[in-house]
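Each remark here refers to the structure printed beneath this line.
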Amino acid sequence: MSSRPGGARAVRARLLTYPPFLWCWVIEDPGGQTREHSWRNHWSAFGTLDAALRAGRTRLDELARS
């Protein structure tokens, strides 16, 4: 998990079930509520945990700048 200063939001990676076993990222607020999800909101999944976390951190940075 990756957090922003002050705990504003966090990025988590989740394994999508069943083959081909892809990963997605999820951005959560401090209360644990999902605010954005790579699969549900963008139809994006990733082949590795690291790739999902990198993409999630990039999206979190984009949101922090807006």
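Residues in the structure tokens are numbered from 1 in each chain, the chains being A, B, ... in the order shown, and ligands are numbered from 1 in the order shown.
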
| task | Find the spatial neighbours of Cys24 in chain A, counting only C-alpha atoms, within a cut-off of 6 Å - ignore same-chain residues fewer than 3 positions away - and output them as JSON, numbers by chain. | result | {"A": [13, 14, 38, 45, 52]}

| request: Mind listing the strand (DSSP E) residues of chain A, per DSSP on the backbone, as a PyMOL selection string? | output: chain A and resi 2-3+10-15+23-28+34-37

Export of prior selection with C-alpha atoms as an mmCIF file, in the first residue's frame:
```cif
data_model
loop_
_atom_site.group_PDB
_atom_site.id
_atom_site.type_symbol
_atom_site.label_atom_id
_atom_site.label_comp_id
_atom_site.auth_asym_id
_atom_site.auth_seq_id
_atom_site.Cartn_x
_atom_site.Cartn_y
_atom_site.Cartn_z
ATOM 1 C CA SER A 2 1.139 3.533 -0.705
ATOM 2 C CA SER A 3 -0.114 6.525 1.253
ATOM 3 C CA ALA A 10 -4.072 5.145 -0.338
ATOM 4 C CA VAL A 11 -3.365 2.823 -3.261
ATOM 5 C CA ARG A 12 -3.847 -0.921 -2.926
ATOM 6 C CA ALA A 13 -3.445 -3.674 -5.487
ATOM 7 C CA ARG A 14 -5.964 -6.497 -5.708
ATOM 8 C CA LEU A 15 -5.785 -9.750 -7.618
ATOM 9 C CA TRP A 23 -4.024 -7.198 -10.948
ATOM 10 C CA CYS A 24 -5.903 -3.927 -10.549
ATOM 11 C CA TRP A 25 -5.307 -0.866 -8.400
ATOM 12 C CA VAL A 26 -7.779 0.679 -5.989
ATOM 13 C CA ILE A 27 -7.620 4.188 -4.509
ATOM 14 C CA GLU A 28 -9.247 4.399 -1.089
ATOM 15 C CA THR A 34 -13.086 2.922 -2.671
ATOM 16 C CA ARG A 35 -12.849 6.193 -4.593
ATOM 17 C CA GLU A 36 -11.431 4.898 -7.861
ATOM 18 C CA HIS A 37 -10.758 1.421 -9.241
#
```

| query | as an MDAnalysis selection string, which residues of chain A does DSSP assign to alpha helix (DSSP H)? | reply | chainID A and resid 38:42 49:65

| CA of Thr17 in chain A and CA of Arg57 in chain A are how many Å apart? | 22.1 Å

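You can rank A:Trp43, A:Arg65, A:Leu60, A:Leu49 by their closest distance to Asp29 in chain A using only C-alpha atoms, and at the top of that list sits A:Leu60.
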
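Remark: for Gly31 in chain A, the closest of the candidate residues A:Gly56, A:Arg9, A:Phe46, A:Leu63 is A:Arg9 (distances computed over only C-alpha atoms).
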
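Atom pair CA of Pro20 in chain A / CA of Glu62 in chain A: separated by 28.5 Å.
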